[in-house]
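*Asks:* First the structure, then my questions, so here it is.
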Protein chains: 2
Amino acid sequence: MKRALPVTREDNFPEWYQAVVDQADLAETSPVRGCMIIKPWGWGIWELVQASLDADIKRTGHENCYFPLFIPMSFIAQEASHVEGFAKEMAVVTHHRLKAVDGKLVVDPSSELEEPLVVRPTSETIIGDAFRRWVSSYRDLPILINQWANVVRWEMRTRMFLRTTEFLWQEGHTAHATREDALEETLKMLEVYRALAEDVLAMPVVVGEKPENERFPGADATYSIEAMMQDGKALQAGTSHYLGTNFAQAQTIRFQSAAGDLEYCHTTSWGVSTRLIGGVIMTHGDDDGLRLPPRIAPRQIVIVPMLREKPEDSEILAYCEKLKVELDGLSAFGQPLRAHLDKKPARSANKRWDWVRRGAPILLEVGPRDMASGHVTMIRRDKLRDGDKIVSQGISREDFLAKAPELLAEIQSNLYAEAKARLDGNIRSDLKDFDAIAAYFGAAAEDDEAKSGFKGWVRAPWARPTGAELQQVETRLKAFKLTLRNVPVGQGGAGGTCVFTGRPAVEEILIARAY
Amino acid sequence: MKRALPVTREDNFPEWYQAVVDQADLAETSPVRGCMIIKPWGWGIWELVQASLDADIKRTGHENCYFPLFIPMSFIAQEASHVEGFAKEMAVVTHHRLKAVDGKLVVDPSSELEEPLVVRPTSETIIGDAFRRWVSSYRDLPILINQWANVVRWEMRTRMFLRTTEFLWQEGHTAHATREDALEETLKMLEVYRALAEDVLAMPVVVGEKPENERFPGADATYSIEAMMQDGKALQAGTSHYLGTNFAQAQTIRFQSAAGDLEYCHTTSWGVSTRLIGGVIMTHGDDDGLRLPPRIAPRQIVIVPMLREKPEDSEILAYCEKLKVELDGLSAFGQPLRAHLDKKPARSANKRWDWVRRGAPILLEVGPRDMASGHVTMIRRDKLRDGDKIVSQGISREDFLAKAPELLAEIQSNLYAEAKARLDGNIRSDLKDFDAIAAYFGAAAEDDEAKSGFKGWVRAPWARPTGAELQQVETRLKAFKLTLRNVPVGQGGAGGTCVFTGRPAVEEILIARAY
């Protein structure tokens, strides 16, 4: 069965993933270790994700601003658990000059900085420093800000979009007078992320709180959205942290309350990154390439004219041009529809497959016969094949114009429904002890995860162990390459016995392999 | 004469500039040397500049993408003049780990990189490296890309927005088959920048070509837009470079022509940065703070309710709320109008002055009497005072609603006209030799430029000296803190004698003090 990619998901999921990144023209590796070049099609997706989320961030009362790329080394040391969690792999700037020696460029030793600077791995400390200056009275609160920025974490093993040394994200940072306000904020932004993932990326998620061992360094509580990839693994797609007064105490962020007392602020932070694009690929991609939810498709409808270097070519082009203009005049998802006419000098069949691999939601092919009968030939990317056969459908241009926005909405829903069925159908909650879980996920020594076949997630009752006991749980899971994902919100009272401790359970937690 | 700022332009222009940056809430200094924090009001302006320019960049056929923050040191060395010009003050990453030693964080010596990375000062080299991979045939050309990014140049003397160690910009990079195509691109983007400056920022500019000594390192030709600040100095507000085949030869960016020959690409690059915001401040600011052209005002019309903690407050708020909603429903400059109701718990007079300092184009004050008569009291920021008196005008809400978009357009034009008159009125072309120019700009030893009073620019005939002769010119000008700005485009044949060499002139060049 021939597909547009050289490798299928079933054959080798990681290779398939890399093939989609390459062949959908999303990104490529750069000569800089662990950093990638995001190509126009990948960047176009990110711009649409940004636009949607940015509107939500503003709608919920936040303002954008921009903080420095560099953070003085001493800042990182301010919050104890933050040091613990982040003071590891970071890009460190130590000098500020190169010079030529014998015609070769070298770092000028005389330009050493008094204090090294780290390239921000996240900005809590430098933004907290500003909060300290900005806050003096309860009247100054809340402070609700966000920035879109690049951050750097020196990763040893990188994978395009999912884990790169440099990545792009937004990081929200807020300060509040009370725990309640800060927690409300934390959950509000978690809900914004859920809506982004589900309604815009068509990527269903489970919303929940991370266990203690998976918290952000310095947080009192970390919440996440977790999505299920097609290989069954979990992808943490966004996090929202309630930082308590930890950073406020470390950085002296205080305010005078209405009653006149000097109190510490409660702060939050929350972020999503270009990792979301990795999630989209692994949620919607198939063996012919990417399938893009129309809301984040830079080009929603692509028209490919079937040109044959004949006189009628110009007529076909005019027919297509007119169609494109009419489509651009329509509205889809409350915004102008994004149509594209591919006039590149290349073979039509190649163009078709390029757009299939890139995941354009609807492809229209227009040849002389289509034109003569006032038709277009439509290919829906979400229903590309019937068995091996490509499904295309002739439709009059008028009918297509009338239905285009609705078709896009249908594709968006279909992709969501497909992924939602996969998520819902692959969370086992019938495994009642650790041995059963271990047996489900297979041999601990299994190096090649792919060989153990598709595994979903397990939802299991637990007693919420902490400290050393939780570390033990972590170690036991690690032997099976498993991690605790989150405790889904909105649970009823938990029943049963903790699969780790045998004590009465207090809630249910998700266990999965993860990116 | 009391003004809203503690210092006037005439008293001390640099201090006035810093006062506007502070008091208009645009930005503040950060604990990181030479880096600034761009605050929400400043960032909001940048977002509008970005949105407008980004649309133009796309309209002219370019696609956005993203390249790594880091550039291997060896890349910088690839193009000889580029090394010369840039291999100086850059942030150099030499290590990738911190570790705790005796409870203190230090750079881990064992994490030294094999090859140091520089934080991009500009991306010609790393993008050229990709072009080399992307181009093989004439069919692949042109390549037209752009990125929005942060860049770092280790500046010794920094000034907010105008020269900071880290700054934000867009950088366009293109590759073409012929010199003609590349030059056309260079000039096309220069025109995009001119339109941005004049039509969006209301900042008139002179478009021209830089003399040889002011070219971008590695360029065959550099064009610029130059704006006149209120202290008479020039601000280079945007540049567009024709790089010839210099980078293509250094980086082996070649293509097979239609005739089958292997040829080097002709490349271009072009950029504008957050420096534009400094230009807006120094073009439009007055002694009461910033005045924003409506097209880049995050809030174009601000409503300040005159509340007195009385029962009628809620009625006033409802009246204002309704007005805001109606204003938001209008369109200005082809986009939804941006109105804001300032409900902050602060004294109305303080709010008024905050918005005056921030430069909101129109301020509406609404008190009980305004409400009772269905009026608003309007203050136009571009016509704030008559002598010392604040000019406010009662106007019925219906009339205001009917006129609001037109008023904003009028303010945009007024600000442009005012700045255009200043530019046109302060370029002297009557100084026929260097002594006359020197005499105009004043004593060479004058340290405090402010003391020499307002000086504009000089447009003088010159013979386009090059090499050592041009260096001499540069040195002579430097003694008067003067620089060659650009050779304005669209000149007729030049007459007269070169003010530097005494030879027959070939064209006219602008001479000015500059930021």
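Residue names in the structure tokens use chain letters A, B, ... in the order shown, residue numbers from 1 in each chain, and ligand numbers from 1 in the order shown.
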Near chain B, meaning an atom within 7 Å, which residues of chain A appear when counting only C-alpha atoms? Write them as a PyMOL selection string.
*Replies:* chain A and resi 32+35-40+43+63-68+70-72+77+87-99+105+154
*Asks:* DSSP on the backbone, then: every residue of segment 131-300 of chain A marked strand (DSSP E or B), written as a PyMOL selection string.
*Replies:* chain A and resi 137+143-152+159+163+166-176+205-209+221-228+234-242+254-256+262-264+266-273+286+289
*Asks:* Residues at most 12 Å from Arg59 of chain A, counting only C-alpha atoms, excluding those fewer than 5 positions away in the same chain, as a list in words?
*Replies:*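 What passes the distance filter is Ser52, Leu53, Asp54, Asn64, Leu144, Lys188, Met189 and Val192 of chain A.
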*Asks:* Have a look at A:Ser240, A:Thr8, A:Thr483, A:Thr125 and name the one nearest to Ile511 of chain A; count only C-alpha atoms.
*Replies:*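 Checking each candidate against Ile511 of chain A, we get A:Thr483 as the closest.
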*Asks:* Need the shell around His340 of chain B: protein/DNA/RNA residues with any atom at most 7 Å away, counting only C-alpha atoms. Skip same-chain ones fewer than 6 positions apart. Format as a list in words?
*Replies:*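 The filter keeps Arg299, Ile301, Val302, Ile303 and Lys324 of chain B.
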*Asks:* Compile the contact shell of Arg358 of chain B as a PyMOL selection string: residues with an atom at most 12 Å away, counting only C-alpha atoms, same-chain residues fewer than 6 positions apart removed.
*Replies:* chain B and resi 4-5+19-27+39-42+44-45+281+284-293+297-300+302+351-352+381
*Asks:* What does the distance from atom CA of Leu415 of chain A to atom CA of Asp354 of chain A come to in Å, to one decimal?
*Replies:*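 Here the two named atoms are 20.3 Å from each other.
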*Asks:* For Arg459 of chain A, which residue among A:Ala250, A:Ile437, A:Val101, A:Ile316 is the nearest when counting only C-alpha atoms?
*Replies:* A:Ile437
*Asks:* Quick one: residues within 10 Å of Gly493 of chain A, only C-alpha atoms counted, chain neighbours fewer than 6 positions away excluded, as a ChimeraX atom specification?
*Replies:* /A:505-508
*Asks:* Give me every alpha helix (DSSP H) residue in segment 32-277 of chain A, going by DSSP on the backbone, as an mmCIF file with N, CA, C and O atoms, in the first residue's frame.
*Replies:*
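Ended up saving to result.cif:
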data_model
loop_
_atom_site.group_PDB
_atom_site.id
_atom_site.type_symbol
_atom_site.label_atom_id
_atom_site.label_comp_id
_atom_site.auth_asym_id
_atom_site.auth_seq_id
_atom_site.Cartn_x
_atom_site.Cartn_y
_atom_site.Cartn_z
ATOM 1 N N PRO A 40 8.509 28.428 6.457
ATOM 2 C CA PRO A 40 7.273 29.220 6.341
ATOM 3 C C PRO A 40 5.970 28.472 6.659
ATOM 4 O O PRO A 40 5.096 29.016 7.321
ATOM 5 N N TRP A 41 5.856 27.223 6.221
ATOM 6 C CA TRP A 41 4.589 26.515 6.492
ATOM 7 C C TRP A 41 4.440 26.245 7.996
ATOM 8 O O TRP A 41 3.363 26.426 8.561
ATOM 9 N N GLY A 42 5.512 25.838 8.642
ATOM 10 C CA GLY A 42 5.481 25.628 10.092
ATOM 11 C C GLY A 42 5.262 26.942 10.835
ATOM 12 O O GLY A 42 4.496 27.003 11.794
ATOM 13 N N TRP A 43 5.919 27.970 10.359
ATOM 14 C CA TRP A 43 5.781 29.267 11.016
ATOM 15 C C TRP A 43 4.361 29.817 10.857
ATOM 16 O O TRP A 43 3.805 30.432 11.767
ATOM 17 N N GLY A 44 3.781 29.577 9.677
ATOM 18 C CA GLY A 44 2.418 30.038 9.427
ATOM 19 C C GLY A 44 1.432 29.414 10.411
ATOM 20 O O GLY A 44 0.501 30.069 10.886
ATOM 21 N N ILE A 45 1.653 28.138 10.726
ATOM 22 C CA ILE A 45 0.803 27.467 11.720
ATOM 23 C C ILE A 45 0.989 28.145 13.072
ATOM 24 O O ILE A 45 0.028 28.480 13.761
ATOM 25 N N TRP A 46 2.241 28.382 13.441
ATOM 26 C CA TRP A 46 2.524 29.019 14.734
ATOM 27 C C TRP A 46 1.901 30.423 14.810
ATOM 28 O O TRP A 46 1.345 30.815 15.838
ATOM 29 N N GLU A 47 1.944 31.171 13.715
ATOM 30 C CA GLU A 47 1.334 32.503 13.717
ATOM 31 C C GLU A 47 -0.166 32.423 14.006
ATOM 32 O O GLU A 47 -0.710 33.263 14.716
ATOM 33 N N LEU A 48 -0.817 31.394 13.465
ATOM 34 C CA LEU A 48 -2.259 31.262 13.701
ATOM 35 C C LEU A 48 -2.540 30.834 15.139
ATOM 36 O O LEU A 48 -3.505 31.281 15.755
ATOM 37 N N VAL A 49 -1.704 29.962 15.671
ATOM 38 C CA VAL A 49 -1.839 29.574 17.080
ATOM 39 C C VAL A 49 -1.650 30.816 17.958
ATOM 40 O O VAL A 49 -2.437 31.099 18.863
ATOM 41 N N GLN A 50 -0.600 31.570 17.660
ATOM 42 C CA GLN A 50 -0.327 32.791 18.419
ATOM 43 C C GLN A 50 -1.493 33.765 18.367
ATOM 44 O O GLN A 50 -1.895 34.315 19.393
ATOM 45 N N ALA A 51 -2.013 34.010 17.170
ATOM 46 C CA ALA A 51 -3.078 34.997 17.025
ATOM 47 C C ALA A 51 -4.291 34.613 17.860
ATOM 48 O O ALA A 51 -4.890 35.445 18.545
ATOM 49 N N SER A 52 -4.625 33.328 17.815
ATOM 50 C CA SER A 52 -5.793 32.875 18.561
ATOM 51 C C SER A 52 -5.564 32.996 20.069
ATOM 52 O O SER A 52 -6.380 33.547 20.806
ATOM 53 N N LEU A 53 -4.429 32.504 20.523
ATOM 54 C CA LEU A 53 -4.151 32.536 21.957
ATOM 55 C C LEU A 53 -3.944 33.963 22.451
ATOM 56 O O LEU A 53 -4.404 34.333 23.539
ATOM 57 N N ASP A 54 -3.271 34.772 21.653
ATOM 58 C CA ASP A 54 -3.019 36.151 22.058
ATOM 59 C C ASP A 54 -4.344 36.891 22.305
ATOM 60 O O ASP A 54 -4.471 37.649 23.262
ATOM 61 N N ALA A 55 -5.307 36.643 21.434
ATOM 62 C CA ALA A 55 -6.616 37.282 21.621
ATOM 63 C C ALA A 55 -7.241 36.830 22.936
ATOM 64 O O ALA A 55 -7.831 37.641 23.670
ATOM 65 N N ASP A 56 -7.107 35.553 23.259
ATOM 66 C CA ASP A 56 -7.664 35.045 24.514
ATOM 67 C C ASP A 56 -6.929 35.616 25.729
ATOM 68 O O ASP A 56 -7.544 35.892 26.767
ATOM 69 N N ILE A 57 -5.623 35.738 25.604
ATOM 70 C CA ILE A 57 -4.825 36.284 26.711
ATOM 71 C C ILE A 57 -5.233 37.729 26.980
ATOM 72 O O ILE A 57 -5.360 38.150 28.133
ATOM 73 N N LYS A 58 -5.486 38.472 25.922
ATOM 74 C CA LYS A 58 -5.907 39.868 26.093
ATOM 75 C C LYS A 58 -7.352 39.941 26.603
ATOM 76 O O LYS A 58 -7.668 40.758 27.467
ATOM 77 N N ARG A 59 -8.199 39.089 26.045
ATOM 78 C CA ARG A 59 -9.610 39.068 26.466
ATOM 79 C C ARG A 59 -9.736 38.807 27.962
ATOM 80 O O ARG A 59 -10.623 39.322 28.629
ATOM 81 N N MET A 73 23.269 35.630 36.455
ATOM 82 C CA MET A 73 23.373 34.320 37.097
ATOM 83 C C MET A 73 22.837 34.347 38.525
ATOM 84 O O MET A 73 22.193 33.404 38.985
ATOM 85 N N SER A 74 23.092 35.436 39.236
ATOM 86 C CA SER A 74 22.666 35.523 40.642
ATOM 87 C C SER A 74 21.148 35.450 40.792
ATOM 88 O O SER A 74 20.631 35.007 41.806
ATOM 89 N N PHE A 75 20.408 35.895 39.764
ATOM 90 C CA PHE A 75 18.945 35.860 39.846
ATOM 91 C C PHE A 75 18.439 34.421 39.936
ATOM 92 O O PHE A 75 17.475 34.124 40.629
ATOM 93 N N ILE A 76 19.075 33.563 39.151
ATOM 94 C CA ILE A 76 18.644 32.173 39.087
ATOM 95 C C ILE A 76 18.757 31.535 40.474
ATOM 96 O O ILE A 76 17.994 30.639 40.832
ATOM 97 N N ALA A 80 15.152 28.774 45.933
ATOM 98 C CA ALA A 80 15.882 27.521 46.151
ATOM 99 C C ALA A 80 15.451 26.370 45.230
ATOM 100 O O ALA A 80 16.273 25.777 44.533
ATOM 101 N N SER A 81 14.139 26.066 45.162
ATOM 102 C CA SER A 81 13.727 24.929 44.334
ATOM 103 C C SER A 81 13.901 25.257 42.861
ATOM 104 O O SER A 81 14.081 24.382 42.019
ATOM 105 N N HIS A 82 13.841 26.551 42.546
ATOM 106 C CA HIS A 82 14.012 26.985 41.162
ATOM 107 C C HIS A 82 15.442 26.686 40.715
ATOM 108 O O HIS A 82 15.669 26.178 39.619
ATOM 109 N N VAL A 83 16.408 26.974 41.583
ATOM 110 C CA VAL A 83 17.811 26.636 41.316
ATOM 111 C C VAL A 83 17.905 25.153 41.034
ATOM 112 O O VAL A 83 18.424 24.708 40.007
ATOM 113 N N GLU A 84 17.400 24.389 41.992
ATOM 114 C CA GLU A 84 17.372 22.930 41.916
ATOM 115 C C GLU A 84 16.896 22.470 40.532
ATOM 116 O O GLU A 84 17.528 21.667 39.876
ATOM 117 N N GLY A 85 15.757 23.031 40.091
ATOM 118 C CA GLY A 85 15.134 22.549 38.864
ATOM 119 C C GLY A 85 15.738 23.100 37.588
ATOM 120 O O GLY A 85 15.732 22.453 36.554
ATOM 121 N N PHE A 86 16.261 24.323 37.641
ATOM 122 C CA PHE A 86 16.723 24.938 36.395
ATOM 123 C C PHE A 86 18.217 25.137 36.285
ATOM 124 O O PHE A 86 18.739 25.301 35.201
ATOM 125 N N GLU A 124 10.637 33.807 35.350
ATOM 126 C CA GLU A 124 10.107 34.130 36.684
ATOM 127 C C GLU A 124 11.001 35.098 37.456
ATOM 128 O O GLU A 124 10.527 36.046 38.073
ATOM 129 N N THR A 125 12.310 34.840 37.449
ATOM 130 C CA THR A 125 13.170 35.640 38.325
ATOM 131 C C THR A 125 13.316 37.076 37.838
ATOM 132 O O THR A 125 13.253 38.014 38.627
ATOM 133 N N ILE A 126 13.478 37.272 36.536
ATOM 134 C CA ILE A 126 13.686 38.652 36.074
ATOM 135 C C ILE A 126 12.373 39.429 36.076
ATOM 136 O O ILE A 126 12.348 40.641 36.305
ATOM 137 N N ILE A 127 11.259 38.730 35.894
ATOM 138 C CA ILE A 127 9.967 39.417 35.951
ATOM 139 C C ILE A 127 9.594 39.683 37.408
ATOM 140 O O ILE A 127 9.064 40.748 37.743
ATOM 141 N N GLY A 128 9.912 38.739 38.285
ATOM 142 C CA GLY A 128 9.670 38.954 39.721
ATOM 143 C C GLY A 128 10.408 40.175 40.234
ATOM 144 O O GLY A 128 9.886 40.951 41.048
ATOM 145 N N ASP A 129 11.608 40.364 39.731
ATOM 146 C CA ASP A 129 12.404 41.532 40.106
ATOM 147 C C ASP A 129 11.682 42.834 39.732
ATOM 148 O O ASP A 129 11.719 43.820 40.476
ATOM 149 N N ALA A 130 11.011 42.814 38.581
ATOM 150 C CA ALA A 130 10.234 43.994 38.177
ATOM 151 C C ALA A 130 8.976 44.127 39.040
ATOM 152 O O ALA A 130 8.609 45.235 39.446
ATOM 153 N N PHE A 131 8.309 43.012 39.320
ATOM 154 C CA PHE A 131 7.116 43.054 40.183
ATOM 155 C C PHE A 131 7.464 43.729 41.518
ATOM 156 O O PHE A 131 6.677 44.498 42.052
ATOM 157 N N ARG A 132 8.636 43.390 42.049
ATOM 158 C CA ARG A 132 9.067 44.000 43.314
ATOM 159 C C ARG A 132 9.045 45.531 43.202
ATOM 160 O O ARG A 132 8.597 46.218 44.120
ATOM 161 N N ARG A 133 9.490 46.063 42.084
ATOM 162 C CA ARG A 133 9.484 47.513 41.905
ATOM 163 C C ARG A 133 8.084 48.043 41.617
ATOM 164 O O ARG A 133 7.747 49.167 41.955
ATOM 165 N N TRP A 134 7.263 47.242 40.957
ATOM 166 C CA TRP A 134 5.965 47.733 40.486
ATOM 167 C C TRP A 134 4.863 47.685 41.546
ATOM 168 O O TRP A 134 3.865 48.374 41.430
ATOM 169 N N ARG A 179 -4.301 34.143 47.842
ATOM 170 C CA ARG A 179 -4.194 32.796 47.293
ATOM 171 C C ARG A 179 -5.366 32.492 46.365
ATOM 172 O O ARG A 179 -5.186 31.913 45.286
ATOM 173 N N GLU A 180 -6.582 32.887 46.791
ATOM 174 C CA GLU A 180 -7.785 32.588 46.008
ATOM 175 C C GLU A 180 -7.690 33.218 44.624
ATOM 176 O O GLU A 180 -7.981 32.592 43.613
ATOM 177 N N ASP A 181 -7.292 34.498 44.604
ATOM 178 C CA ASP A 181 -7.189 35.195 43.313
ATOM 179 C C ASP A 181 -6.162 34.519 42.415
ATOM 180 O O ASP A 181 -6.380 34.358 41.207
ATOM 181 N N ALA A 182 -5.033 34.137 43.012
ATOM 182 C CA ALA A 182 -3.961 33.544 42.216
ATOM 183 C C ALA A 182 -4.379 32.167 41.692
ATOM 184 O O ALA A 182 -4.098 31.806 40.545
ATOM 185 N N LEU A 183 -5.064 31.408 42.535
ATOM 186 C CA LEU A 183 -5.532 30.092 42.087
ATOM 187 C C LEU A 183 -6.581 30.222 40.993
ATOM 188 O O LEU A 183 -6.584 29.457 40.020
ATOM 189 N N GLU A 184 -7.451 31.212 41.150
ATOM 190 C CA GLU A 184 -8.470 31.444 40.124
ATOM 191 C C GLU A 184 -7.802 31.753 38.782
ATOM 192 O O GLU A 184 -8.202 31.237 37.730
ATOM 193 N N GLU A 185 -6.772 32.593 38.841
ATOM 194 C CA GLU A 185 -6.004 32.941 37.632
ATOM 195 C C GLU A 185 -5.370 31.684 37.011
ATOM 196 O O GLU A 185 -5.438 31.464 35.800
ATOM 197 N N THR A 186 -4.736 30.881 37.861
ATOM 198 C CA THR A 186 -4.058 29.669 37.390
ATOM 199 C C THR A 186 -5.025 28.779 36.610
ATOM 200 O O THR A 186 -4.714 28.275 35.522
ATOM 201 N N LEU A 187 -6.222 28.615 37.173
ATOM 202 C CA LEU A 187 -7.211 27.740 36.530
ATOM 203 C C LEU A 187 -7.856 28.404 35.321
ATOM 204 O O LEU A 187 -8.224 27.720 34.352
ATOM 205 N N LYS A 188 -7.990 29.718 35.380
ATOM 206 C CA LYS A 188 -8.559 30.437 34.235
ATOM 207 C C LYS A 188 -7.684 30.235 32.999
ATOM 208 O O LYS A 188 -8.165 29.966 31.902
ATOM 209 N N MET A 189 -6.354 30.342 33.180
ATOM 210 C CA MET A 189 -5.456 30.205 32.032
ATOM 211 C C MET A 189 -5.359 28.745 31.580
ATOM 212 O O MET A 189 -5.182 28.466 30.392
ATOM 213 N N LEU A 190 -5.512 27.829 32.540
ATOM 214 C CA LEU A 190 -5.567 26.417 32.178
ATOM 215 C C LEU A 190 -6.749 26.168 31.247
ATOM 216 O O LEU A 190 -6.648 25.444 30.246
ATOM 217 N N GLU A 191 -7.868 26.791 31.556
ATOM 218 C CA GLU A 191 -9.060 26.658 30.718
ATOM 219 C C GLU A 191 -8.831 27.302 29.345
ATOM 220 O O GLU A 191 -9.270 26.768 28.318
ATOM 221 N N VAL A 192 -8.124 28.420 29.306
ATOM 222 C CA VAL A 192 -7.784 29.046 28.023
ATOM 223 C C VAL A 192 -6.959 28.061 27.182
ATOM 224 O O VAL A 192 -7.185 27.905 25.978
ATOM 225 N N TYR A 193 -6.033 27.370 27.835
ATOM 226 C CA TYR A 193 -5.199 26.386 27.120
ATOM 227 C C TYR A 193 -6.029 25.202 26.629
ATOM 228 O O TYR A 193 -5.846 24.695 25.534
ATOM 229 N N ARG A 194 -6.944 24.751 27.496
ATOM 230 C CA ARG A 194 -7.803 23.639 27.079
ATOM 231 C C ARG A 194 -8.589 24.027 25.825
ATOM 232 O O ARG A 194 -8.649 23.273 24.845
ATOM 233 N N ALA A 195 -9.164 25.231 25.859
ATOM 234 C CA ALA A 195 -9.970 25.676 24.720
ATOM 235 C C ALA A 195 -9.099 25.814 23.474
ATOM 236 O O ALA A 195 -9.511 25.449 22.372
ATOM 237 N N ASN A 246 6.216 31.713 47.116
ATOM 238 C CA ASN A 246 7.622 31.275 47.081
ATOM 239 C C ASN A 246 8.547 32.273 46.400
ATOM 240 O O ASN A 246 9.572 32.670 46.949
ATOM 241 N N PHE A 247 8.162 32.670 45.184
ATOM 242 C CA PHE A 247 9.004 33.654 44.501
ATOM 243 C C PHE A 247 8.890 35.021 45.180
ATOM 244 O O PHE A 247 9.860 35.769 45.254
ATOM 245 N N ALA A 248 7.700 35.341 45.670
ATOM 246 C CA ALA A 248 7.499 36.634 46.336
ATOM 247 C C ALA A 248 8.391 36.745 47.569
ATOM 248 O O ALA A 248 8.978 37.793 47.842
ATOM 249 N N GLN A 249 8.522 35.648 48.304
ATOM 250 C CA GLN A 249 9.390 35.685 49.481
ATOM 251 C C GLN A 249 10.854 35.754 49.075
ATOM 252 O O GLN A 249 11.645 36.497 49.667
ATOM 253 N N ALA A 250 11.205 34.993 48.065
ATOM 254 C CA ALA A 250 12.610 34.977 47.630
ATOM 255 C C ALA A 250 13.011 36.327 47.045
ATOM 256 O O ALA A 250 14.160 36.746 47.157
ATOM 257 N N GLN A 251 12.023 37.023 46.440
ATOM 258 C CA GLN A 251 12.360 38.259 45.738
ATOM 259 C C GLN A 251 11.751 39.510 46.381
ATOM 260 O O GLN A 251 11.819 40.594 45.814
ATOM 261 N N ARG A 275 6.038 23.494 20.920
ATOM 262 C CA ARG A 275 5.769 22.077 21.137
ATOM 263 C C ARG A 275 4.360 21.692 20.671
ATOM 264 O O ARG A 275 4.105 20.543 20.262
ATOM 265 N N LEU A 276 3.431 22.661 20.764
ATOM 266 C CA LEU A 276 2.054 22.384 20.328
ATOM 267 C C LEU A 276 2.029 21.881 18.886
ATOM 268 O O LEU A 276 1.172 21.073 18.521
ATOM 269 N N ILE A 277 2.953 22.373 18.072
ATOM 270 C CA ILE A 277 2.960 21.947 16.668
ATOM 271 C C ILE A 277 3.334 20.463 16.578
ATOM 272 O O ILE A 277 2.766 19.722 15.774
#
*Asks:* For Arg422 of chain B, list every protein, DNA or RNA residue within 12 Å, evaluated using only C-alpha atoms, and leave out those in the same chain fewer than 2 positions away; present the list as a VMD selection string.
*Replies:* chain B and resid 203 to 205 227 to 233 283 to 284 415 to 420 424 to 427 454 to 457
*Asks:* Considering only C-alpha atoms, state which residue in the set A:Phe400, A:His375, A:Ala177, A:Leu330 is at the smallest distance from Ser257 of chain A.
*Replies:*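 So, comparing all the options, the nearest one is A:Ala177.
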